[in-house]
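Worksheet: one structure, shown below.
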Amino acid sequence: MTQVNRLSGGQIDREKTLNFTFDGQTYLGHDGDTLASALLANGVRLMGRSFKYHRPRGVLTAGSEEPNALVELRSGAYQEPNTRATVAELFDGLEAKSQNHLGSLKYDLLAINDRFSNFLTAGFYYKTFMWPKAFWEKIYEPIIRRAAGLGSLSLLDDPDVYDKGFLHCDLLVVGSGPSGLMAALTAARSGGDVIIADEDFVLGGRLNSETFEVATQSGSDWATHAVAELASMPNVRVMARTTIIGAFDHGIFGAVERISDHQATPLDGKPRQILWRIYSKQSIVAAGAHERPIAFENNDRPGIMLASAMRSYANRWAVTADQTVVIFTNNTDGHRTANDLTAKGVSIAAVVDTRATAPTSDAFEVLAGAQIVDSKGRLGVTQAIVELADGSRRAIDCGAIGVSGGWNPNVHLTCHQRGRPTWRENIAAFVPASSLQNGMLVAGAAVGEFSTASAFRSGADQANVALQALGLKPQSVELPQTEDAPVSITPFWYVKSGTGRAWIDQQNDVTVKDIKLSHQEGFISVEHLKRYTTLGMATDQGKTSNMGGLAVMAEMTGKTIPETGTTIYRPPYTPTAIGVLAGRARGMDFHPTRLTPSHKWANEQGAVFVEVGNWMRAQWFPKAGETHWRESVDREVLATRSSVGVCDVTTLGKIDVQGADAADFLNKVYCNGFAKLAVGKTRYGLMLREDGIAMDDGTAGRLAEDHFVVTTTTANALGVYRHMEFAHQCLFPDMDVQLISTTEAWAQYAIAGPNSRNLLQKLVDDDVDISNDAFPFMACGKITVCGGLRARLFRISFSGELAYEIAVPAHYGDAMMRKIIEVGAEFDVVPYGTEALGVMRIEKGHAAGNELNGTTTAVNLGMGRMVSKKKDSIGSTLSERPGLNTADALVQVGIKPVDPKDPVPAGAHLMNADGPVDAANDQGYATSACYSPNLGHHIALGFLKDGANRKGERMRLVSPLTGIETNVEIVSAHFVDPEGDRLRA
Amino acid sequence: MHNLSPSTALGGPDALVETIGNMTVSEVPFTALASVAARLGTEAKTKTILGAYLGQDTPAVNKLVQADTVTCFWTGSDQWMIAAPMQTHEGIASDLEALLAGNASLTEQSGGWGQFDVSGPMLEDMFERLCALPIRSMRSGDANRTRIEQIGCFVLHFGDRVSVFGPRASAASLFHALITAAKSIA
């Protein structure tokens with residue numbers, strides 16, 4: 001299979017021939033090719049179908065700004081849509097498919113859309129799909145979903161792995177064209193840490209595409225040597241295949257490095273791509289410029305591309321789109337392409353130059369003051385229709401048209417931090433704002449320095465500005481001799497003659513007519529223009545279309561282009577795989593897992609686990625023969641209340657509070673009093689938010705005058721600790737108090753039930769007195785267990801039973817649990833999980849997260865009198881707000897079903913026994929519910945208006961959305977042991 | 001002596017050691033840890049007493065010092081962590097509490113952390129995959145706090161090795177992150 005459009009020279013390796021397929025057909029290419037260059041070499045111009053009209057499209061550019069040649073690369077789970085063929089490195093075995101057609105690329109059935117273009121103009125969907133209404137869900141929406149988007153997903157899990165990484169440098173240089181290389185060389189010679197990154201796989205930027213000499217070498221040779229010098233320096237990191245996707249705060253840049261996208265098989269276990277966060281002290285954006293097209297009727301046919309792209313294909317990849325080419329230009333660049341192609345033996349049928357003063361040539365015909373007004377050739381351009389200066393028309397046969405409308409500095413990264421570009425009249429283009437965030441500097445074509453010599457100069461100058469800012473010695477560098485041609489451009493945005501469509505945004509199929517329609521409909525601001533027409537909203541962010549769109553709108557409104565303004569560019573600069581943003585945080589590694597000290601042991605028991613934040617907690621411990629979780633949970637509850645149970649409560653926050661002012665500090669953060677808590681005692685505490693709402697509840701045990709251990713709920717451990725640190729550092733910095741988390745340092749087990757003391761007796765050392773007199777309810781202290789192991793004991797109960805919590809250093813947690821089970825066998829000790837824990841606390845009437853739900857107050861919780869008025873504490877003042885203290889304020893109650901068979905679901909609302917069921921008559925709601933094996937029916941806790949005075953009342957518990965209405969009775973929230981006899985046994 | 005055996009953070013009786021390429025990640029179990037936080041007004045005295053214990057000045061911000069098998073690293077304003085082998089220093093928290101005699105607040109942190117030592121020639125390549133610390137500028141004696149795969153860790157630089165202290169309950173996740181990074185760069 002010959003590559004019919006190969007030329008001589010280029011920077012490809014003809015020794016390495018590569019096989020690849022496109023739409024199932026096999027072709028040959030060479031190492032160094034991109035998919036686009038290889039396809040063109042094989043005479044393939046048709047590469048895709050446009051978004052809306054399904055028009056045949058070919059490649060427009062030679063870089064990442066490509067709007068048309070989007071393919072699906074690879075197959076199976078590795079399939080990736082919307083890959084630009086212009087940046088896809090060719091490798092042996094590459095598989096690519098074109099996108100967005102029904103049937104084949106050549107015979108796309110949806111091309112019929114092109115015939116209905118009048119009905120599919122910009123914003124057509126705002127005026128259609130409305131009638132009949134019933135059609136929306138079943139007909140219109142499915143059709144739109146099918147038609148939307150370009151590529152398709154495999155819907156299989158992404159099998160690649162991706163890494164994240166963090167780099168630090170003094171200077172980040174974005175782009176490795178002449179200005180970037182010179183900036184990096186200059187800065188590196190000062191000894192500063194430099195990173196230079198380029199999205200391309202060969203560094204050098206335009207130096208690889210032009211034929212200018214640089215210091216008597218070819219541009220690409222000079223670039224190769226410069227890169228080698230940089231790579232040899234220990235203070236330089238050269239990153240090829242690395243796109244800087246965004247400029248973020250504080251000089252931090254996001255970068256995606258492609259590790260194995262250019263290889264057929266990904267390396268086992270190695271990341272496919274790496275997302276680097278680059279922390280730079282200074283940065284230079286040397287991102288070059290994008291050439292812009294000129295719009296004319298049917299300017300979107302395969303074979304019509306940017307003139308500079310033609311030079312890239314000819315000079316770097318030794319490829320031409322066709323052997324006969326027409327050039328359309330408004331500046332000298334078009335002539336450069338004509339000369340370069342002629343030198344390679346391509347026939348230039350004509351150079352159509354809009355300028356009346358266009359230079360002539362001996363090698364080809366120059367039509368001065370002329371315009372291309374139309375083109376012919378459905379699946380590939382066959383003719384350019386030219387209108388000459390005298391008004392006459394000529395049809396010129398050709399297979400490719402190179403269009404040059406001037407250059408747009410690539411300002412993307414300078415806009416990510418909301419920099420607004422400014423207009424430079426002499427180059428008819430926008431350049432970055434002169435003062436950018438974080439001192440970002442811009443060099444070369446990106447700042448409008450278009451000649452090679454000025455690019456070098458600009459790179460060196462900006463590097464020295466950066467070095468100065470870094471406090472490093474500026475360097476004087478010898479700039480290589482090279483071309484320094486001035487810019488000579490006469491702005492020309494689109495051809496006015498013709499009644500057909502001229503494309504501005506090829507990826508989103510937005511034409512000049514669409515922009516005129518937008519203006520007509522009143523969407524004249526640049527932000528409205530963008531969103532109404534979707535110009536610039538495709539995956540290329542309008543890199544080759546924004547300018548053209550602005551120019552058309554400016555003309556419509558009679559404003560200048562700078563007056564019309566620009567929209568903002570946002571990261572990522574080019575499409576980025578979601579996988580690389582996720583890095584390793586996927587699947588089971590989505591977040592870290594926290595395992596309790598008894599986890600290994602619980603696993604051995606076959607416990608069923610539940611995720612509680614990052615924690616894995618045993619939910620219940622099924623025994624052989626149990627088939628339903630209720631069997632296990634009911635058993636655990638009954639066994640604990642009849643003898644003894646053990647539960648791992650390590651996850652509850654533990655905060656060690658010490659210092660001379662520890663007690664006073666706790667007095668500030670808790671609404672109830674702690675200053676007078678005796679040493680050796682624990683107290684239940686309620687913390688309020690500053691607005692008086694209950695934040696968290698727990699206990700504080702006083703181990704010494706200046707030493708407390710504060711406990712929190714599992715979910716609020718971090719929140720409370722942060723709150724206490726804030727209170728200490730910002731509210732009470734003059735208090736002598738030190739805080740540290742000890743949640744993980746101590747394994748803590750609840751031992752609950754009538755036999756809990758008996759079990760504990762077998763663990764504590766002989767000198768420890770845990771009799772009811774010596775260690776009464778709410779006592780605490782440091783003890784030793786098992787022959788001298790340091791431990792802490794707290795006599796507190798969440799279950800309402802006689803209960804203790806014993807803490808040992810976490811590395812003894814596993815051994816301790818096993819010991820508890822061993823010595824507890826005598827009392828049939830049963831391990832219980834979070835479900836049984838929940839049932840018992842509901843039976844006891846203990847508030848938990850469901851009750852402290854961010855809207856409830858101490859009054860609602862039945863703890864109004866706990867808010868001490870003898871001292872100021874956080875939340876105390878605002879807890880007195882009238883709105884929180886109305887006569888009919890919600891108060892916690894118990895709810896039981898009238899019919900014992902009925903459940904009483906949490907979330908259901910309480911309504912009076914008679915009367916309407918609606919929000920206006922809402923009396924309250926159920927918060928926590930469970931089946932109580934002790935009582936033999938379901939029970940719930942809830943909030944009820946004026947609940948304290950409504951015990952015994954019959955009400956309805958309703959959930960209108962799910963059709964629930966149950967008769968219930970309001971009872972005390974303390975279903976089990978309401979007098980607390982068991983607690984104090 | 002009590003009869004309970006300690007377990008490592010990864011749940012074994014023994015430490016886990018994995019070698020990937022030329023990098024080694026070793027669990028270092030049973031490190032005794034004590035947190036020392038000076039009290040208000042006794043910062044200088046605390047530094048003096050602690051310095052005497054270490055035989056040198058307490059470490060400055062983001063630094064560590066070593067005194068024989070004892071390592072002391074800075075963890076906050078007038079706050080340090082003391083680390084030593086549990087075999088010889090299990091009682092370090094109570095020892096220091098006695099020594100500091102109320103000038104500072106002491107907590108035992110031994111059970112709260114898992115320690116992993118990373119050694120090999122590609123330390124910098126590995127840590128630039130793991131955390132935002134400027135690892136290439138870090139030298140022996142630097143101590144930092146950072147996040148590794150959402151886990152808050154201390155990272156201590158000892159020249160030929162780096163010690164990572166992470167919360168004990170997340171030890172398995174942290175170890176997994178270290179091994180994954182080692183495989184990535186191998």
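Going by the structure tokens order, chains are called A, B, ..., each with residues numbered from 1, while ligands are numbered from 1 in the order shown.
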
- Query: Got a sec to tell me which of chain B DSSP assigns to strand (DSSP E), as a PyMOL selection string?
  - Reply: chain B and resi 17-20+23-27+31-38+64-67+70-76+79-85+104-108+113-119+143-148+151-157+161-167

- Task: Find the residues of chain A in contact range of chain B, meaning any atom within 7 Å when counting only C-alpha atoms, and list them as an MDAnalysis selection string.
- Result: chainID A and resid 164:168 269:271 592:596 600 658:659 736 738 742 744:746 786:789 809:812 814:815

Could you save the residues just selected, with N, CA and C atoms, as a short mmCIF file (atom, residue, chain, number, x, y, z; two decimals), in the first residue's frame?
data_model
loop_
_atom_site.label_atom_id
_atom_site.label_comp_id
_atom_site.auth_asym_id
_atom_site.auth_seq_id
_atom_site.Cartn_x
_atom_site.Cartn_y
_atom_site.Cartn_z
N LYS A 164 -1.08 10.48 40.41
CA LYS A 164 -0.98 11.91 40.65
C LYS A 164 0.47 12.17 41.06
N GLY A 165 0.89 13.41 40.95
CA GLY A 165 2.24 13.73 41.37
C GLY A 165 2.35 15.21 41.67
N PHE A 166 3.43 15.59 42.33
CA PHE A 166 3.62 16.97 42.77
C PHE A 166 5.05 17.40 42.46
N LEU A 167 5.18 18.47 41.71
CA LEU A 167 6.50 18.97 41.35
C LEU A 167 6.67 20.40 41.84
N HIS A 168 7.91 20.76 42.13
CA HIS A 168 8.21 22.11 42.57
C HIS A 168 9.30 22.69 41.69
N GLY A 269 0.74 -2.31 35.43
CA GLY A 269 0.83 -1.66 36.74
C GLY A 269 1.33 -0.24 36.70
N LYS A 270 1.73 0.23 35.52
CA LYS A 270 2.25 1.60 35.45
C LYS A 270 1.13 2.54 35.03
N PRO A 271 1.24 3.77 35.46
CA PRO A 271 0.17 4.69 35.08
C PRO A 271 0.20 4.99 33.59
N PRO A 592 -9.48 6.53 52.03
CA PRO A 592 -8.80 5.65 52.95
C PRO A 592 -9.83 4.92 53.83
N THR A 593 -9.46 3.76 54.27
CA THR A 593 -10.33 3.00 55.17
C THR A 593 -9.74 3.03 56.55
N ARG A 594 -10.56 3.22 57.54
CA ARG A 594 -10.09 3.19 58.93
C ARG A 594 -10.62 1.92 59.56
N LEU A 595 -9.70 1.13 60.11
CA LEU A 595 -10.09 -0.14 60.73
C LEU A 595 -9.91 -0.03 62.24
N THR A 596 -10.89 -0.57 62.97
CA THR A 596 -10.82 -0.50 64.43
C THR A 596 -9.82 -1.54 64.94
N LYS A 600 -9.68 -7.17 62.92
CA LYS A 600 -9.21 -8.50 62.50
C LYS A 600 -10.00 -9.58 63.22
N GLN A 658 -5.75 19.11 78.29
CA GLN A 658 -4.93 19.33 79.50
C GLN A 658 -4.63 20.81 79.66
N GLY A 659 -4.08 21.13 80.80
CA GLY A 659 -3.69 22.52 81.06
C GLY A 659 -4.35 23.06 82.30
N ASP A 736 -4.73 28.54 79.32
CA ASP A 736 -3.68 27.52 79.28
C ASP A 736 -4.37 26.18 79.06
N GLN A 738 -4.21 22.62 76.26
CA GLN A 738 -3.59 21.93 75.12
C GLN A 738 -4.53 20.79 74.69
N THR A 742 -6.89 11.70 70.52
CA THR A 742 -6.41 10.38 70.93
C THR A 742 -7.39 9.29 70.49
N GLU A 744 -7.51 7.42 67.88
CA GLU A 744 -6.90 6.19 67.39
C GLU A 744 -5.88 5.62 68.36
N ALA A 745 -5.41 6.43 69.30
CA ALA A 745 -4.36 5.96 70.19
C ALA A 745 -4.87 4.94 71.20
N TRP A 746 -6.17 5.01 71.51
CA TRP A 746 -6.73 4.10 72.52
C TRP A 746 -7.83 3.24 71.90
N CYS A 786 -4.85 -6.96 83.33
CA CYS A 786 -4.09 -8.10 82.81
C CYS A 786 -2.65 -8.14 83.28
N GLY A 787 -2.43 -7.76 84.49
CA GLY A 787 -1.08 -7.84 85.03
C GLY A 787 -0.22 -6.63 84.73
N GLY A 788 -0.81 -5.44 84.71
CA GLY A 788 0.02 -4.25 84.63
C GLY A 788 -0.11 -3.42 83.37
N LEU A 789 -1.00 -3.78 82.47
CA LEU A 789 -1.15 -2.94 81.27
C LEU A 789 -1.94 -1.68 81.62
N PRO A 809 -4.08 1.05 75.18
CA PRO A 809 -3.37 1.54 73.98
C PRO A 809 -3.71 0.65 72.79
N ALA A 810 -3.96 1.29 71.66
CA ALA A 810 -4.54 0.60 70.51
C ALA A 810 -3.76 -0.62 70.04
N HIS A 811 -2.45 -0.63 70.27
CA HIS A 811 -1.70 -1.80 69.78
C HIS A 811 -1.98 -3.02 70.65
N TYR A 812 -2.66 -2.83 71.76
CA TYR A 812 -3.09 -3.97 72.57
C TYR A 812 -4.58 -4.26 72.38
N ASP A 814 -6.37 -5.60 69.91
CA ASP A 814 -6.73 -6.95 69.44
C ASP A 814 -6.64 -7.96 70.57
N ALA A 815 -5.51 -7.90 71.28
CA ALA A 815 -5.32 -8.85 72.39
C ALA A 815 -6.38 -8.64 73.46
#

- Item | Selection near stretch 53-59 of chain B, 10 Å with only C-alpha atoms, sequence-local residues under 5 positions removed, as JSON, numbers by chain | {"B": [46, 47, 48, 64, 65, 66, 67, 68, 70, 71, 72, 73, 74, 75, 78, 79, 80, 82, 96, 99, 100, 141, 142, 143]}

Could you write out that same residue set with N, CA and C atoms as a compact mmCIF listing (two decimals), in the first residue's frame?
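Just written: again09.txt:
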# COMPACT_ATOMS: atom_id res chain seq x y z
N THR B 46 10.07 24.19 79.22
CA THR B 46 9.83 22.91 78.54
C THR B 46 10.95 22.62 77.57
N LYS B 47 11.35 23.63 76.81
CA LYS B 47 12.44 23.43 75.85
C LYS B 47 13.72 23.04 76.57
N THR B 48 13.97 23.67 77.71
CA THR B 48 15.19 23.38 78.45
C THR B 48 15.20 21.93 78.95
N LEU B 64 13.84 17.78 62.84
CA LEU B 64 13.90 16.72 63.83
C LEU B 64 15.33 16.63 64.35
N VAL B 65 15.47 16.05 65.54
CA VAL B 65 16.80 15.75 66.04
C VAL B 65 16.79 14.31 66.52
N GLN B 66 17.97 13.75 66.53
CA GLN B 66 18.09 12.38 67.01
C GLN B 66 19.06 12.32 68.19
N ALA B 67 18.67 11.54 69.18
CA ALA B 67 19.54 11.34 70.33
C ALA B 67 19.57 9.84 70.56
N ASP B 68 20.58 9.21 70.03
CA ASP B 68 20.67 7.75 70.14
C ASP B 68 19.46 7.15 69.43
N VAL B 70 16.37 7.76 70.16
CA VAL B 70 15.22 8.63 70.35
C VAL B 70 15.19 9.70 69.25
N THR B 71 14.05 9.89 68.65
CA THR B 71 13.88 10.95 67.66
C THR B 71 12.86 11.94 68.20
N CYS B 72 13.14 13.20 68.04
CA CYS B 72 12.19 14.23 68.46
C CYS B 72 11.90 15.09 67.25
N PHE B 73 10.61 15.23 66.88
CA PHE B 73 10.31 16.10 65.74
C PHE B 73 9.26 17.13 66.10
N TRP B 74 9.40 18.28 65.47
CA TRP B 74 8.52 19.43 65.71
C TRP B 74 7.15 19.13 65.12
N THR B 75 6.08 19.40 65.89
CA THR B 75 4.74 19.13 65.36
C THR B 75 3.83 20.34 65.45
N ASP B 78 5.58 25.16 69.92
CA ASP B 78 5.92 24.62 71.25
C ASP B 78 5.34 23.23 71.47
N GLN B 79 5.39 22.45 70.43
CA GLN B 79 4.85 21.08 70.50
C GLN B 79 5.76 20.13 69.74
N TRP B 80 6.04 19.01 70.31
CA TRP B 80 6.92 18.03 69.68
C TRP B 80 6.39 16.62 69.89
N ILE B 82 7.91 12.75 70.47
CA ILE B 82 9.11 11.96 70.77
C ILE B 82 8.83 10.53 70.35
N LEU B 96 8.48 11.03 80.52
CA LEU B 96 8.59 12.45 80.18
C LEU B 96 7.65 13.29 81.03
N LEU B 99 9.39 13.93 84.13
CA LEU B 99 10.52 14.83 83.89
C LEU B 99 10.05 16.28 83.72
N LEU B 100 8.94 16.41 82.99
CA LEU B 100 8.47 17.76 82.66
C LEU B 100 7.70 18.41 83.81
N GLY B 141 17.03 15.41 58.42
CA GLY B 141 16.75 16.33 59.53
C GLY B 141 15.50 17.16 59.31
N ASP B 142 14.88 17.04 58.13
CA ASP B 142 13.65 17.78 57.87
C ASP B 142 12.46 16.95 58.30
N ALA B 143 11.49 17.60 58.91
CA ALA B 143 10.27 16.92 59.35
C ALA B 143 9.09 17.74 58.85

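For the residues B:Ala34, B:Ala60, B:Asp117, B:Ser77, ranking by smallest atom-to-atom distance to B:Ile179 using only C-alpha atoms places B:Asp117 first.
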
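Residues in contact range of stretch 419-429 of chain A, defined as at most 6 Å between only C-alpha atoms, with sequence neighbours fewer than 4 positions away removed, read Asn408, Thr414, Cys415, Ala433 and Pro562 of chain A.
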
Neighbour list for A:Thr927 as a PDB file with N, CA, C and O atoms, in the first residue's frame, cut-off 8 Å, only C-alpha atoms, skip fewer than 6 positions in-chain:
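selection_24.pdb, freshly written:
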ATOM      1  N   ASN A 850     -29.331  11.381  64.758  1.00  0.00           N
ATOM      2  CA  ASN A 850     -30.657  11.610  64.177  1.00  0.00           C
ATOM      3  C   ASN A 850     -31.392  12.729  64.905  1.00  0.00           C
ATOM      4  O   ASN A 850     -32.202  13.430  64.322  1.00  0.00           O
ATOM      5  N   GLU A 851     -31.105  12.828  66.204  1.00  0.00           N
ATOM      6  CA  GLU A 851     -31.771  13.839  67.004  1.00  0.00           C
ATOM      7  C   GLU A 851     -30.991  15.161  66.978  1.00  0.00           C
ATOM      8  O   GLU A 851     -31.588  16.236  66.977  1.00  0.00           O
ATOM      9  N   ALA A 906     -38.838   6.037  60.960  1.00  0.00           N
ATOM     10  CA  ALA A 906     -38.185   7.334  61.141  1.00  0.00           C
ATOM     11  C   ALA A 906     -38.411   8.166  59.890  1.00  0.00           C
ATOM     12  O   ALA A 906     -38.452   7.629  58.786  1.00  0.00           O
ATOM     13  N   GLY A 907     -38.588   9.462  60.075  1.00  0.00           N
ATOM     14  CA  GLY A 907     -38.840  10.332  58.938  1.00  0.00           C
ATOM     15  C   GLY A 907     -40.307  10.611  58.747  1.00  0.00           C
ATOM     16  O   GLY A 907     -40.692  11.602  58.126  1.00  0.00           O
ATOM     17  N   ALA A 940     -40.089   4.221  68.443  1.00  0.00           N
ATOM     18  CA  ALA A 940     -39.358   5.315  67.794  1.00  0.00           C
ATOM     19  C   ALA A 940     -39.167   6.453  68.769  1.00  0.00           C
ATOM     20  O   ALA A 940     -39.908   6.600  69.740  1.00  0.00           O
ATOM     21  N   LEU A 941     -38.133   7.248  68.491  1.00  0.00           N
ATOM     22  CA  LEU A 941     -37.964   8.536  69.157  1.00  0.00           C
ATOM     23  C   LEU A 941     -38.371   9.583  68.143  1.00  0.00           C
ATOM     24  O   LEU A 941     -38.283   9.352  66.928  1.00  0.00           O
ATOM     25  N   GLY A 942     -38.804  10.719  68.649  1.00  0.00           N
ATOM     26  CA  GLY A 942     -39.184  11.776  67.717  1.00  0.00           C
ATOM     27  C   GLY A 942     -39.335  13.100  68.431  1.00  0.00           C
ATOM     28  O   GLY A 942     -39.109  13.198  69.651  1.00  0.00           O
ATOM     29  N   PHE A 943     -39.673  14.095  67.661  1.00  0.00           N
ATOM     30  CA  PHE A 943     -39.923  15.428  68.210  1.00  0.00           C
ATOM     31  C   PHE A 943     -41.388  15.777  68.024  1.00  0.00           C
ATOM     32  O   PHE A 943     -41.956  15.573  66.945  1.00  0.00           O
TER      33      PHE A 943
END

- Item | Nearby residues (only C-alpha atoms) at most 8 Å from stretch 497-513 of chain A, same-chain spacing under 4 positions excluded, as a count of residues only | 31

- Message: With only C-alpha atoms as the counted atoms, please give the residues lying no more than 7 Å from A:Gly58, apart from itself and same-chain residues fewer than 6 positions off, as a PyMOL selection string.
- Response: chain A and resi 45-48+68-69+301-303

- as a PyMOL selection string, please: all residues of stretch 788-985 of chain A that backbone DSSP puts in helix (DSSP H, G or I). chain A and resi 810-827+834-844+864-866+878-880+882-884+919-921+947-949+960-962

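Pairwise distance (atom CA of A:Gly192, atom CA of A:Leu467) equals 8.1 Å.
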
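Put simply, atom CA of A:Asp362 is 18.8 Å away from atom CA of A:Ile396.
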